[in-house]
Structure formats: C-alpha cells, structure tokens
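Structure file run_19.txt (compact mmCIF, C-alpha atoms) is printed below.
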```txt
# COMPACT_ATOMS: atom_id res chain seq x y z
CA MET C 1204 -6.39 -14.51 22.05
CA ILE C 1205 -7.96 -14.85 25.49
CA TYR C 1206 -4.95 -13.09 27.00
CA LYS C 1207 -5.33 -10.19 24.59
CA ASN C 1208 -9.07 -9.86 25.26
CA SER C 1209 -8.49 -10.10 29.02
CA TRP C 1210 -5.87 -7.36 28.89
CA ASP C 1211 -8.19 -5.15 26.85
CA VAL C 1212 -10.79 -5.50 29.59
CA VAL C 1213 -8.25 -4.68 32.32
CA GLU C 1214 -7.07 -1.64 30.39
CA ARG C 1215 -10.62 -0.39 29.83
CA HIS C 1216 -12.00 -1.09 33.32
CA VAL C 1217 -8.94 -0.34 35.43
CA VAL C 1218 -6.31 1.75 33.68
CA ASP C 1219 -8.74 4.07 31.86
CA PHE C 1220 -11.07 4.19 34.87
CA LEU C 1221 -8.52 5.31 37.47
CA PRO C 1222 -8.42 9.00 36.41
CA LEU C 1223 -12.22 9.15 36.69
CA LEU C 1224 -12.11 7.59 40.17
CA ALA C 1225 -9.40 10.06 41.20
CA GLU C 1226 -11.69 12.92 40.16
CA ILE C 1227 -14.55 11.40 42.15
CA GLY C 1228 -12.29 11.21 45.19
CA GLN C 1229 -11.27 14.83 44.78
CA ARG C 1230 -14.90 15.97 44.55
CA GLY C 1231 -15.67 14.11 47.74
CA LEU C 1232 -18.89 12.92 49.28
CA ARG C 1233 -21.16 15.34 51.12
CA VAL C 1234 -22.10 14.32 54.66
CA ASP C 1235 -24.83 15.67 56.92
CA THR C 1236 -22.88 15.94 60.18
CA GLU C 1237 -25.99 16.27 62.34
CA ARG C 1238 -27.35 13.00 60.98
CA LEU C 1239 -23.95 11.39 61.47
CA ALA C 1240 -23.95 12.48 65.12
CA SER C 1241 -27.45 11.03 65.50
CA PHE C 1242 -26.26 7.75 63.96
CA ASN C 1243 -23.37 7.58 66.43
CA SER C 1244 -25.66 8.32 69.37
CA GLU C 1245 -28.07 5.56 68.37
CA CYS C 1246 -25.21 3.06 68.01
CA GLU C 1247 -23.91 3.99 71.44
CA ARG C 1248 -27.38 3.79 72.99
CA GLN C 1249 -28.00 0.29 71.66
CA MET C 1250 -24.51 -0.88 72.64
CA ALA C 1251 -24.96 0.51 76.17
CA ALA C 1252 -28.29 -1.30 76.52
CA LEU C 1253 -26.74 -4.61 75.53
CA GLN C 1254 -23.71 -4.04 77.78
CA ALA C 1255 -26.00 -3.34 80.74
CA LYS C 1256 -27.77 -6.61 79.97
CA PHE C 1257 -24.47 -8.51 79.91
CA ASP C 1258 -23.31 -6.96 83.19
CA ALA C 1259 -26.62 -7.78 84.91
CA SER C 1260 -26.41 -11.46 83.93
CA ASP C 1261 -25.50 -13.82 86.77
CA GLU C 1262 -24.09 -16.34 84.28
CA LEU C 1263 -21.83 -13.84 82.54
CA ARG C 1264 -20.72 -12.37 85.89
CA LEU C 1265 -18.80 -15.60 86.54
CA LEU C 1266 -16.62 -14.94 83.48
CA ARG C 1267 -15.77 -11.30 84.13
CA GLY C 1268 -12.27 -10.46 85.31
CA TRP C 1269 -11.16 -8.12 88.09
CA HIS C 1270 -9.15 -4.91 88.20
CA PRO C 1271 -6.51 -4.93 89.46
CA LYS C 1272 -5.85 -8.56 88.57
CA ASP C 1273 -4.91 -9.54 92.14
CA GLY C 1274 -7.05 -6.94 93.91
CA TYR C 1275 -5.99 -4.10 96.23
CA LYS C 1276 -4.20 -5.37 99.35
CA ARG C 1277 -5.36 -2.30 101.27
CA MET C 1278 -8.58 -0.33 100.98
CA PRO C 1279 -8.01 2.47 98.41
CA LYS C 1280 -8.87 6.06 99.23
CA ASP C 1281 -11.42 6.09 96.42
CA THR C 1282 -13.64 2.99 96.52
CA THR C 1283 -16.06 4.13 93.81
CA GLY C 1284 -17.16 1.13 91.78
CA LEU C 1285 -15.12 -1.27 93.93
CA ARG C 1286 -16.35 -4.32 95.81
CA GLU C 1287 -14.84 -5.57 99.05
CA ASN C 1288 -14.13 -9.07 100.34
CA ILE C 1289 -13.47 -10.49 96.87
CA GLU C 1290 -11.63 -13.78 97.15
CA PHE C 1291 -8.23 -14.04 95.45
CA VAL C 1292 -5.45 -16.60 95.62
CA ASP C 1293 -2.31 -15.43 97.40
CA LYS C 1294 0.64 -16.00 95.04
CA LYS C 1295 3.07 -16.81 97.85
CA THR C 1296 0.99 -19.11 100.05
CA GLY C 1297 -1.65 -20.33 97.61
CA GLY C 1298 -4.29 -19.59 100.24
CA ALA C 1299 -7.38 -17.44 99.97
CA VAL C 1300 -7.14 -13.69 100.57
CA TYR C 1301 -9.93 -11.11 100.48
CA ARG C 1302 -9.37 -7.77 98.82
CA TRP C 1303 -10.95 -4.77 97.13
CA ALA C 1304 -11.41 -4.90 93.36
CA LYS C 1305 -13.57 -3.69 90.50
CA GLN C 1306 -15.23 -6.23 88.24
CA LYS C 1307 -14.57 -5.67 84.55
CA PRO C 1308 -17.44 -5.71 82.05
CA PHE C 1309 -18.16 -8.78 79.96
CA LEU C 1310 -16.71 -8.26 76.48
CA ALA C 1311 -18.89 -9.71 73.74
CA THR C 1312 -16.09 -8.85 71.29
CA SER C 1313 -13.64 -11.08 73.18
CA SER C 1314 -13.46 -14.50 71.54
CA GLN C 1315 -11.89 -15.93 74.70
CA GLN C 1316 -14.75 -14.79 76.94
CA VAL C 1317 -17.39 -16.00 74.49
CA LEU C 1318 -15.63 -19.38 74.15
CA ALA C 1319 -15.42 -19.58 77.95
CA TYR C 1320 -19.19 -19.02 78.09
CA GLN C 1321 -19.78 -21.83 75.60
CA ARG C 1322 -17.61 -24.18 77.68
CA MET C 1323 -19.41 -23.20 80.86
CA LYS C 1324 -22.76 -23.98 79.22
CA GLY C 1325 -21.46 -27.27 77.83
CA HIS C 1326 -22.32 -26.23 74.28
CA THR C 1327 -20.51 -27.54 71.22
CA ILE C 1328 -17.77 -25.21 69.97
CA LYS C 1329 -17.19 -25.09 66.23
CA LYS C 1330 -13.65 -25.34 64.87
CA THR C 1331 -11.90 -23.99 61.81
CA LYS C 1332 -10.35 -26.24 59.17
CA ALA C 1333 -7.06 -25.78 61.01
CA GLY C 1334 -8.65 -27.20 64.16
CA ASP C 1335 -8.85 -23.93 66.10
CA GLU C 1336 -11.91 -23.08 68.18
CA THR C 1337 -13.91 -20.22 66.73
CA SER C 1338 -16.68 -17.93 67.92
CA GLY C 1339 -17.40 -16.02 64.73
CA GLN C 1340 -20.78 -14.59 63.76
CA LYS C 1341 -21.84 -17.62 61.74
CA GLN C 1342 -20.93 -20.04 64.54
CA LEU C 1343 -22.76 -17.98 67.18
CA LEU C 1344 -25.91 -17.75 65.08
CA LEU C 1345 -25.86 -21.52 64.61
CA ALA C 1346 -25.45 -21.93 68.38
CA TRP C 1347 -28.40 -19.58 68.98
CA ARG C 1348 -30.65 -21.62 66.69
CA ARG C 1349 -29.54 -24.89 68.25
CA TYR C 1350 -29.61 -23.99 71.95
CA LYS C 1351 -32.16 -21.13 71.91
CA ASP C 1352 -29.78 -19.13 74.12
CA PRO C 1353 -30.47 -15.40 73.58
CA ASN C 1354 -26.95 -14.49 74.73
CA TYR C 1355 -25.54 -15.75 71.45
CA ARG C 1356 -27.88 -13.50 69.49
CA ASP C 1357 -26.91 -10.55 71.71
CA PHE C 1358 -23.18 -11.23 71.28
CA VAL C 1359 -23.62 -11.06 67.50
CA GLU C 1360 -25.76 -7.92 67.71
CA TYR C 1361 -23.22 -6.14 69.92
CA ARG C 1362 -20.40 -6.99 67.54
CA LYS C 1363 -22.39 -5.71 64.57
CA LEU C 1364 -23.10 -2.45 66.39
CA LYS C 1365 -19.44 -1.99 67.32
CA LYS C 1366 -18.38 -2.56 63.72
CA LEU C 1367 -21.00 -0.12 62.43
CA ARG C 1368 -19.95 2.51 64.96
CA GLY C 1369 -16.24 2.07 64.28
CA THR C 1370 -16.39 1.77 60.49
CA TYR C 1371 -19.12 4.27 59.62
CA GLY C 1372 -19.34 6.53 62.64
CA GLU C 1373 -15.71 7.32 63.38
CA TRP C 1374 -14.22 8.00 59.97
CA PRO C 1375 -12.35 11.34 59.74
CA VAL C 1376 -14.77 14.07 58.77
CA VAL C 1377 -12.63 16.86 57.31
CA LYS C 1378 -14.47 19.96 56.14
CA ARG C 1379 -13.27 21.27 52.81
CA ASP C 1380 -13.52 24.79 51.43
CA ASP C 1381 -16.71 23.91 49.56
CA GLY C 1382 -18.29 22.33 52.65
CA ASP C 1383 -17.96 18.74 51.42
CA PHE C 1384 -16.15 15.77 52.91
CA ALA C 1385 -14.00 13.45 50.80
CA THR C 1386 -13.91 9.69 50.38
CA THR C 1387 -11.04 8.35 48.26
CA THR C 1388 -12.11 5.72 45.73
CA PHE C 1389 -9.87 3.21 43.96
CA THR C 1390 -10.08 -0.19 42.22
CA LEU C 1391 -7.00 -2.11 43.34
CA ARG C 1392 -8.43 -3.05 46.72
CA PRO C 1393 -9.93 -5.54 47.31
CA ASP C 1394 -8.14 -7.86 44.89
CA ASN C 1395 -11.33 -9.07 43.21
CA GLY C 1396 -11.50 -5.79 41.28
CA ARG C 1397 -14.68 -4.40 42.83
CA LEU C 1398 -14.83 -0.70 43.55
CA SER C 1399 -13.85 0.29 47.04
CA SER C 1400 -13.27 3.47 48.99
CA VAL C 1401 -11.85 4.56 52.32
CA ASN C 1402 -12.99 6.99 54.99
CA PRO C 1403 -15.54 5.45 54.84
CA ASN C 1404 -15.97 2.43 52.54
CA VAL C 1405 -19.42 3.31 51.22
CA GLN C 1406 -19.31 0.35 48.81
CA ASN C 1407 -19.85 -2.10 51.68
CA VAL C 1408 -22.51 -0.43 53.83
CA PRO C 1409 -24.78 -3.15 55.34
CA ARG C 1410 -28.18 -3.30 53.68
CA ASP C 1411 -30.26 -4.63 56.56
CA GLY C 1412 -31.45 -2.93 59.74
CA ASP C 1413 -32.51 0.53 60.83
CA LEU C 1414 -28.97 1.68 61.57
CA ALA C 1415 -27.78 0.84 58.06
CA GLY C 1416 -30.54 3.05 56.67
CA LYS C 1417 -29.72 5.73 59.24
CA PHE C 1418 -26.11 5.88 58.07
CA LYS C 1419 -27.10 6.01 54.39
CA SER C 1420 -29.25 9.04 55.17
CA CYS C 1421 -26.05 10.83 56.29
CA LEU C 1422 -24.77 10.79 52.71
CA VAL C 1423 -26.43 13.61 50.82
CA ALA C 1424 -26.18 14.94 47.27
CA ARG C 1425 -25.16 18.41 46.25
CA GLU C 1426 -27.94 20.76 45.27
CA GLY C 1427 -29.34 19.80 41.89
CA ASN C 1428 -27.80 16.30 42.03
CA GLN C 1429 -28.89 12.84 43.13
CA ILE C 1430 -27.05 9.90 44.69
CA LEU C 1431 -27.54 6.68 42.74
CA ARG C 1432 -26.84 3.18 43.99
CA ALA C 1433 -25.79 0.33 41.72
CA ASP C 1434 -24.57 -3.18 42.39
CA LEU C 1435 -22.10 -5.40 40.52
CA SER C 1436 -24.44 -8.36 40.87
CA SER C 1437 -22.63 -11.73 40.57
CA ALA C 1438 -19.62 -9.96 39.04
CA GLU C 1439 -17.08 -12.65 39.90
CA ALA C 1440 -19.34 -15.45 38.64
CA LEU C 1441 -19.97 -13.58 35.39
CA ILE C 1442 -16.25 -12.92 34.86
CA THR C 1443 -15.43 -16.57 35.55
CA GLY C 1444 -18.01 -17.65 32.98
CA TRP C 1445 -16.66 -15.18 30.44
CA LEU C 1446 -13.03 -16.24 30.92
CA SER C 1447 -13.96 -19.91 30.57
CA GLY C 1448 -16.23 -19.32 27.59
CA ASP C 1449 -19.20 -20.86 29.43
CA ALA C 1450 -22.42 -19.28 28.19
CA VAL C 1451 -24.55 -21.21 30.70
CA ALA C 1452 -22.46 -19.97 33.65
CA MET C 1453 -22.76 -16.40 32.37
CA ARG C 1454 -26.52 -16.76 32.01
CA LEU C 1455 -26.91 -18.09 35.56
CA ALA C 1456 -24.68 -15.31 36.90
CA ARG C 1457 -27.00 -12.72 35.36
CA LEU C 1458 -30.11 -14.47 36.70
CA GLY C 1459 -28.58 -15.07 40.13
CA THR C 1460 -26.44 -18.13 40.83
CA HIS C 1461 -27.50 -18.40 44.48
CA ARG C 1462 -31.17 -17.91 43.63
CA TYR C 1463 -30.89 -20.72 41.09
CA ALA C 1464 -29.21 -23.03 43.64
CA THR C 1465 -31.95 -22.23 46.19
CA ALA C 1466 -34.69 -22.96 43.65
CA LYS C 1467 -33.09 -26.30 42.75
CA TYR C 1468 -32.73 -27.19 46.44
CA VAL C 1469 -36.42 -26.62 47.21
CA GLY C 1470 -37.50 -28.45 44.04
CA LEU C 1471 -38.89 -25.65 41.89
CA PRO C 1472 -39.16 -26.48 38.14
CA VAL C 1473 -36.24 -24.27 37.06
CA SER C 1474 -35.18 -26.03 33.86
CA LEU C 1475 -32.56 -24.18 31.83
CA SER C 1476 -34.74 -24.84 28.77
CA LEU C 1477 -37.01 -22.03 30.04
CA SER C 1478 -36.45 -18.51 28.81
CA ASP C 1479 -35.01 -15.83 31.09
CA ASN C 1480 -38.44 -14.22 31.39
CA GLU C 1481 -39.87 -17.56 32.56
CA LEU C 1482 -37.00 -18.38 34.92
CA ARG C 1483 -36.56 -15.02 36.63
CA PRO C 1484 -39.93 -14.98 38.52
CA LEU C 1485 -39.28 -18.52 39.79
CA LEU C 1486 -35.84 -17.58 41.07
CA ILE C 1487 -37.11 -14.43 42.77
CA LYS C 1488 -39.84 -16.51 44.42
CA ALA C 1489 -37.27 -19.05 45.63
CA LYS C 1490 -35.21 -16.32 47.30
CA ASP C 1491 -38.17 -14.48 48.84
CA GLU C 1492 -39.82 -17.60 50.28
CA ASN C 1493 -36.59 -19.21 51.53
CA SER C 1494 -34.52 -16.28 52.80
CA ILE C 1495 -32.68 -18.24 55.52
CA LEU C 1496 -31.75 -21.02 53.12
CA TYR C 1497 -30.73 -18.46 50.48
CA ARG C 1498 -28.35 -16.74 52.90
CA LYS C 1499 -26.88 -20.10 53.91
CA ILE C 1500 -26.31 -21.05 50.26
```
Encoded form (structure tokens):
Amino acid sequence: MIYKNSWDVVERHVVDFLPLLAEIGQRGLRVDTERLASFNSECERQMAALQAKFDASDELRLLRGWHPKDGYKRMPKDTTGLRENIEFVDKKTGGAVYRWAKQKPFLATSSQQVLAYQRMKGHTIKKTKAGDETSGQKQLLLAWRRYKDPNYRDFVEYRKLKKLRGTYGEWPVVKRDDGDFATTTFTLRPDNGRLSSVNPNVQNVPRDGDLAGKFKSCLVAREGNQILRADLSSAEALITGWLSGDAVAMRLARLGTHRYATAKYVGLPVSLSLSDNELRPLLIKAKDENSILYRKI
C-alpha cells in the first residue's frame, strides 16, 4: 500500500509536472542586462579589492610562486612586472642563482596555498573523515573564530564572490525573438527531487548579502506579471515523516526541525504538548536570538 501511494505521489509531482516545467523553460526568464552588467562589475570590484589586499600582505607574499618557475636566466627585453635578483636553486649545481621573475598572485581559491598558510601560522588544520586535510568554508570560518585571523574571513569572502560571479554572472544570456532569456527547469536534478534549473540555477540563489539581492534584481517580470518566490521548507524531513508514518516528525518538519532543535538546545519550554500556535512563536524566537547556533545546527 505504501508503494502504491508513493508511486502516486511520484506520478503526480514528477511525471505530470514535467510538461509544465518544459513550458516554463520555453517561456524563459526575463533578465535586465544592464543590471546584470552592474552585478558583474560589483563582483569584480570587490574581488579586485581583496586580491590587492592579499598581494600587499607580507605574510602571504612568502607563499606566492614565481613565473617562470625557475626564473629567466637572462634579462628579458620586456621587464614589465618583473623583479630582479630573485634567488632560485640551480638544478644542476644545487647552488643559489639570481634571476628575473614575476611573482604570481596569492590564490585564495587554492586549497594548497591556504593550507600552506595555515601550516606557516602553526594553526590546526581540520581533516575529513577520510583523513585528508581540508580548507573548506566551514573549516576556515572556524579557524577565523578561533585565531581571530582576518585572512581566513577574507579567503571565504573571495571564494563566495568568485562563485557568485561564475554561477550567476557568466551564464549564457541569449536574446530570443521576444526579448526574453531562457532558463531550463527540470526535476530530476538534484536527486532529492527539489526543483532546479540551469543557466542559471535560480532555485539556489544565496539569500544573504547585498550582491545576492543585486542579482535577484536582474530577474524581472513581463509587463502585467509578477515574480513570486516560494520555498519547499523542510521538504525532505516532511517526506521522511510521511513515508515512515510519523505524525510527530511531519509536525516538526512543518514547524521547523532546526528551529525546534535550537530551542531545545537553549532550554526554551518547547513541549510538544503545546499547540502549533503556541510553539511557533517560541521556535521563531529561538532562531532569531541564536542565529549562529541555528546555522551550526
């Protein structure tokens, strides 16, 4: 019986929904190209400011490589951007040689350079379950809080900007006969069944920060229409509760599983004997007053 009900849901929410999504993809999503250009310019400006900060850092300068790798043996005709008397190791003799070379920029997106910085500072490097060293966003933010080193915060910020610029600023903008630009929507990716689209994926636009809002302003409705935003809040938790026949799990999914866990953690009186109308304000309060803990949970 569960199998039959589950298949009915799949048929209704996937099979019957695909033609509608195909039509949405064909109609496309209107983009204000001037606003998109402004979004790209702001991303580039903020990235350039951070890169200039990295390149001016004496600490980070020690980790930057050289081009060419072994330097120029003779002074090039064009020495623009090059430095002279840079010490290299001669491959044949093992002795020191001094050549012309250009120092590469520090790459905040390079895990190897960031890990090298952590080693140089003597800071603890987090590892994955497989035992590999990692310098992901979560690990760098934890390092920033622990060591109060602003470089970690800047590494994360630069990476976020690069992802925003690449994902939402560089998608192919193809003008159609009606002046609109298309985004193809489908349900089979990702595998959890949530709606997704490509070029760009407007289902996963970041919510926080000025640039996120700036990109959203690039998406405009046709004349006489409005763009609405909706969220499949706790969808996976609700589906899990439904498949297992757990009414309590479904109730918590609707109220907010993570909000409930936060409220329990900080000791708020969130008994399940309370009604939804009594519980909901307590859970909202728990999230609003403990935002860092909520995100961690």
Could you give me, as a JSON list (two decimals) with C-alpha atoms, in the coordinates of the input, the residues that sit within 7 Å of (-19.7, 13.1, 53.1) in the file's coordinates, counting all atoms listed in the file?
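Just written: point_17.json:
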```
[["chain", "number", "residue", "atom", "x", "y", "z"],
["C", 1231, "GLY", "CA", -15.67, 14.11, 47.74],
["C", 1232, "LEU", "CA", -18.89, 12.92, 49.28],
["C", 1233, "ARG", "CA", -21.16, 15.34, 51.12],
["C", 1234, "VAL", "CA", -22.10, 14.32, 54.66],
["C", 1235, "ASP", "CA", -24.83, 15.67, 56.92],
["C", 1383, "ASP", "CA", -17.96, 18.74, 51.42],
["C", 1384, "PHE", "CA", -16.15, 15.77, 52.91],
["C", 1385, "ALA", "CA", -14.00, 13.45, 50.80],
["C", 1422, "LEU", "CA", -24.77, 10.79, 52.71]]
```
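The two atoms in question, CA of Val1408 (chain C) and CA of Lys1490 (chain C), are spaced 21.4 Å apart.
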**OP:** Report the distance between CA of Tyr1275 (chain C) and CA of Trp1303 (chain C) in Å, rounded to one decimal place.
**Re:**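 Separating CA of Tyr1275 (chain C) from CA of Trp1303 (chain C) is a distance of 5.1 Å.
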Subject >> Shell around region 1246-1260 of chain C at 7 Å using only C-alpha atoms, local window under 3 positions removed, as JSON, numbers by chain >> reply: {"C": [1242, 1243, 1263, 1264, 1308, 1309, 1361, 1364, 1368]}
Original post:
Got a sec: who's within 12 Å of Leu1482 (chain C), counting all atoms listed in the file, leaving out chain neighbours fewer than 2 positions off, as JSON, numbers by chain?
Top reply: {"C": [1454, 1455, 1457, 1458, 1459, 1462, 1463, 1466, 1467, 1471, 1472, 1473, 1474, 1475, 1476, 1477, 1478, 1479, 1480, 1484, 1485, 1486, 1487, 1488, 1489]}
Subject >> Top pick for closest residue to Arg1286 (chain C), considering C:Thr1337, C:Gln1306, C:Thr1331, C:Ser1420 and counting all atoms listed in the file >> reply: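 Of all the options, C:Gln1306 lies closest to Arg1286 (chain C).
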Original post:
Just how far from CA of Arg1498 (chain C) is CA of Glu1360 (chain C), in Å to one decimal?
Top reply: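 Separation between CA of Glu1360 (chain C) and CA of Arg1498 (chain C): 17.4 Å.
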**OP:** For region 1441-1447 of chain C, list every protein, DNA or RNA residue within 8 Å, evaluated using all atoms listed in the file, and leave out those in the same chain fewer than 3 positions away; present the list as an NGL selection string.
**Re:** :C and (1205 or 1209 or 1437-1438 or 1450-1453 or 1456-1457)
How about saving the chosen residues, C-alpha atoms kept, as a PDB file, keeping the file's coordinate frame?
```
ATOM      1  CA  ILE C1205      -7.960 -14.850  25.490  1.00  0.00           C
ATOM      2  CA  SER C1209      -8.490 -10.100  29.020  1.00  0.00           C
ATOM      3  CA  SER C1437     -22.630 -11.730  40.570  1.00  0.00           C
ATOM      4  CA  ALA C1438     -19.620  -9.960  39.040  1.00  0.00           C
ATOM      5  CA  ALA C1450     -22.420 -19.280  28.190  1.00  0.00           C
ATOM      6  CA  VAL C1451     -24.550 -21.210  30.700  1.00  0.00           C
ATOM      7  CA  ALA C1452     -22.460 -19.970  33.650  1.00  0.00           C
ATOM      8  CA  MET C1453     -22.760 -16.400  32.370  1.00  0.00           C
ATOM      9  CA  ALA C1456     -24.680 -15.310  36.900  1.00  0.00           C
ATOM     10  CA  ARG C1457     -27.000 -12.720  35.360  1.00  0.00           C
TER      11      ARG C1457
END
```
For region 1270-1274 of chain C, list every protein, DNA or RNA residue within 12 Å, evaluated using all atoms listed in the file, and leave out those in the same chain fewer than 4 positions away; present the list as a CSV table (one decimal) with C-alpha atoms, keeping the file's coordinate frame.
```
chain,number,residue,atom,x,y,z
C,1278,MET,CA,-8.6,-0.3,101.0
C,1279,PRO,CA,-8.0,2.5,98.4
C,1284,GLY,CA,-17.2,1.1,91.8
C,1285,LEU,CA,-15.1,-1.3,93.9
C,1286,ARG,CA,-16.4,-4.3,95.8
C,1287,GLU,CA,-14.8,-5.6,99.0
C,1288,ASN,CA,-14.1,-9.1,100.3
C,1289,ILE,CA,-13.5,-10.5,96.9
C,1290,GLU,CA,-11.6,-13.8,97.2
C,1291,PHE,CA,-8.2,-14.0,95.4
C,1292,VAL,CA,-5.4,-16.6,95.6
C,1293,ASP,CA,-2.3,-15.4,97.4
C,1294,LYS,CA,0.6,-16.0,95.0
C,1299,ALA,CA,-7.4,-17.4,100.0
C,1300,VAL,CA,-7.1,-13.7,100.6
C,1301,TYR,CA,-9.9,-11.1,100.5
C,1302,ARG,CA,-9.4,-7.8,98.8
C,1303,TRP,CA,-11.0,-4.8,97.1
C,1304,ALA,CA,-11.4,-4.9,93.4
C,1305,LYS,CA,-13.6,-3.7,90.5
C,1306,GLN,CA,-15.2,-6.2,88.2
C,1307,LYS,CA,-14.6,-5.7,84.6
C,1308,PRO,CA,-17.4,-5.7,82.0
```
Go ahead and fit an axis-aligned box to every listed atom of region 1302-1309 of chain C plus 4 Å each side, and pass me the centre and edge lengths in Å, one decimal, as JSON.
```
{"center_x": -13.8, "center_y": -6.2, "center_z": 89.4, "size_x": 16.8, "size_y": 13.1, "size_z": 26.9}
```
Original post:
Lys1341 (chain C): which residues within 12 Å, counting only C-alpha atoms, same-chain residues fewer than 5 positions away excluded, as a ChimeraX atom specification?
Top reply: /C:1328-1331,1346-1348,1355-1356,1358-1359,1498-1499
Residues of the last selection are to be written out with C-alpha atoms, as a compact mmCIF listing (two decimals), keeping the file's coordinate frame.
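File produced: part25.txt:
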```txt
# COMPACT_ATOMS: atom_id res chain seq x y z
CA ILE C 1328 -17.77 -25.21 69.97
CA LYS C 1329 -17.19 -25.09 66.23
CA LYS C 1330 -13.65 -25.34 64.87
CA THR C 1331 -11.90 -23.99 61.81
CA ALA C 1346 -25.45 -21.93 68.38
CA TRP C 1347 -28.40 -19.58 68.98
CA ARG C 1348 -30.65 -21.62 66.69
CA TYR C 1355 -25.54 -15.75 71.45
CA ARG C 1356 -27.88 -13.50 69.49
CA PHE C 1358 -23.18 -11.23 71.28
CA VAL C 1359 -23.62 -11.06 67.50
CA ARG C 1498 -28.35 -16.74 52.90
CA LYS C 1499 -26.88 -20.10 53.91
```
Subject >> From C:Leu1435, C:Val1401, C:Leu1414, C:Ile1500, residue lying nearest Leu1367 (chain C) [all atoms listed in the file] >> reply: C:Leu1414
Original post:
Between C:Ala1333, C:Leu1265, C:Ala1433, C:Leu1398, which one has atoms that come closest to Ala1319 (chain C), using only C-alpha atoms?
Top reply: C:Leu1265
Complete region 1360-1372 of chain C at the level of N, CA, C and O atoms, written as a PDB file, in the coordinates of the input.
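Result file follows (rebuild15.pdb):
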```
ATOM      1  N   GLU C1360     -25.204  -9.260  67.892  1.00  0.00           N
ATOM      2  CA  GLU C1360     -25.760  -7.920  67.710  1.00  0.00           C
ATOM      3  C   GLU C1360     -24.802  -6.856  68.219  1.00  0.00           C
ATOM      4  O   GLU C1360     -24.601  -5.815  67.575  1.00  0.00           O
ATOM      5  N   TYR C1361     -24.173  -7.107  69.360  1.00  0.00           N
ATOM      6  CA  TYR C1361     -23.220  -6.140  69.920  1.00  0.00           C
ATOM      7  C   TYR C1361     -22.029  -5.961  68.980  1.00  0.00           C
ATOM      8  O   TYR C1361     -21.576  -4.839  68.737  1.00  0.00           O
ATOM      9  N   ARG C1362     -21.529  -7.066  68.456  1.00  0.00           N
ATOM     10  CA  ARG C1362     -20.400  -6.990  67.540  1.00  0.00           C
ATOM     11  C   ARG C1362     -20.750  -6.217  66.282  1.00  0.00           C
ATOM     12  O   ARG C1362     -19.942  -5.438  65.768  1.00  0.00           O
ATOM     13  N   LYS C1363     -21.953  -6.432  65.755  1.00  0.00           N
ATOM     14  CA  LYS C1363     -22.390  -5.710  64.570  1.00  0.00           C
ATOM     15  C   LYS C1363     -22.469  -4.213  64.847  1.00  0.00           C
ATOM     16  O   LYS C1363     -22.055  -3.388  64.030  1.00  0.00           O
ATOM     17  N   LEU C1364     -22.991  -3.859  66.024  1.00  0.00           N
ATOM     18  CA  LEU C1364     -23.100  -2.450  66.390  1.00  0.00           C
ATOM     19  C   LEU C1364     -21.721  -1.807  66.517  1.00  0.00           C
ATOM     20  O   LEU C1364     -21.504  -0.685  66.059  1.00  0.00           O
ATOM     21  N   LYS C1365     -20.794  -2.519  67.135  1.00  0.00           N
ATOM     22  CA  LYS C1365     -19.440  -1.990  67.320  1.00  0.00           C
ATOM     23  C   LYS C1365     -18.767  -1.767  65.980  1.00  0.00           C
ATOM     24  O   LYS C1365     -18.084  -0.761  65.770  1.00  0.00           O
ATOM     25  N   LYS C1366     -18.971  -2.712  65.055  1.00  0.00           N
ATOM     26  CA  LYS C1366     -18.380  -2.560  63.720  1.00  0.00           C
ATOM     27  C   LYS C1366     -19.006  -1.385  62.980  1.00  0.00           C
ATOM     28  O   LYS C1366     -18.305  -0.599  62.335  1.00  0.00           O
ATOM     29  N   LEU C1367     -20.331  -1.254  63.064  1.00  0.00           N
ATOM     30  CA  LEU C1367     -21.000  -0.120  62.430  1.00  0.00           C
ATOM     31  C   LEU C1367     -20.484   1.195  62.977  1.00  0.00           C
ATOM     32  O   LEU C1367     -20.171   2.121  62.228  1.00  0.00           O
ATOM     33  N   ARG C1368     -20.390   1.268  64.310  1.00  0.00           N
ATOM     34  CA  ARG C1368     -19.950   2.510  64.960  1.00  0.00           C
ATOM     35  C   ARG C1368     -18.508   2.840  64.576  1.00  0.00           C
ATOM     36  O   ARG C1368     -18.184   3.988  64.264  1.00  0.00           O
ATOM     37  N   GLY C1369     -17.644   1.819  64.578  1.00  0.00           N
ATOM     38  CA  GLY C1369     -16.240   2.070  64.280  1.00  0.00           C
ATOM     39  C   GLY C1369     -15.977   2.356  62.817  1.00  0.00           C
ATOM     40  O   GLY C1369     -15.174   3.227  62.471  1.00  0.00           O
ATOM     41  N   THR C1370     -16.664   1.633  61.925  1.00  0.00           N
ATOM     42  CA  THR C1370     -16.390   1.770  60.490  1.00  0.00           C
ATOM     43  C   THR C1370     -17.079   2.987  59.890  1.00  0.00           C
ATOM     44  O   THR C1370     -16.490   3.709  59.086  1.00  0.00           O
ATOM     45  N   TYR C1371     -18.325   3.227  60.282  1.00  0.00           N
ATOM     46  CA  TYR C1371     -19.120   4.270  59.620  1.00  0.00           C
ATOM     47  C   TYR C1371     -19.395   5.483  60.491  1.00  0.00           C
ATOM     48  O   TYR C1371     -19.901   6.485  59.997  1.00  0.00           O
ATOM     49  N   GLY C1372     -19.072   5.384  61.775  1.00  0.00           N
ATOM     50  CA  GLY C1372     -19.340   6.530  62.640  1.00  0.00           C
ATOM     51  C   GLY C1372     -18.103   7.301  63.035  1.00  0.00           C
ATOM     52  O   GLY C1372     -18.194   8.441  63.479  1.00  0.00           O
TER      53      GLY C1372
END
```
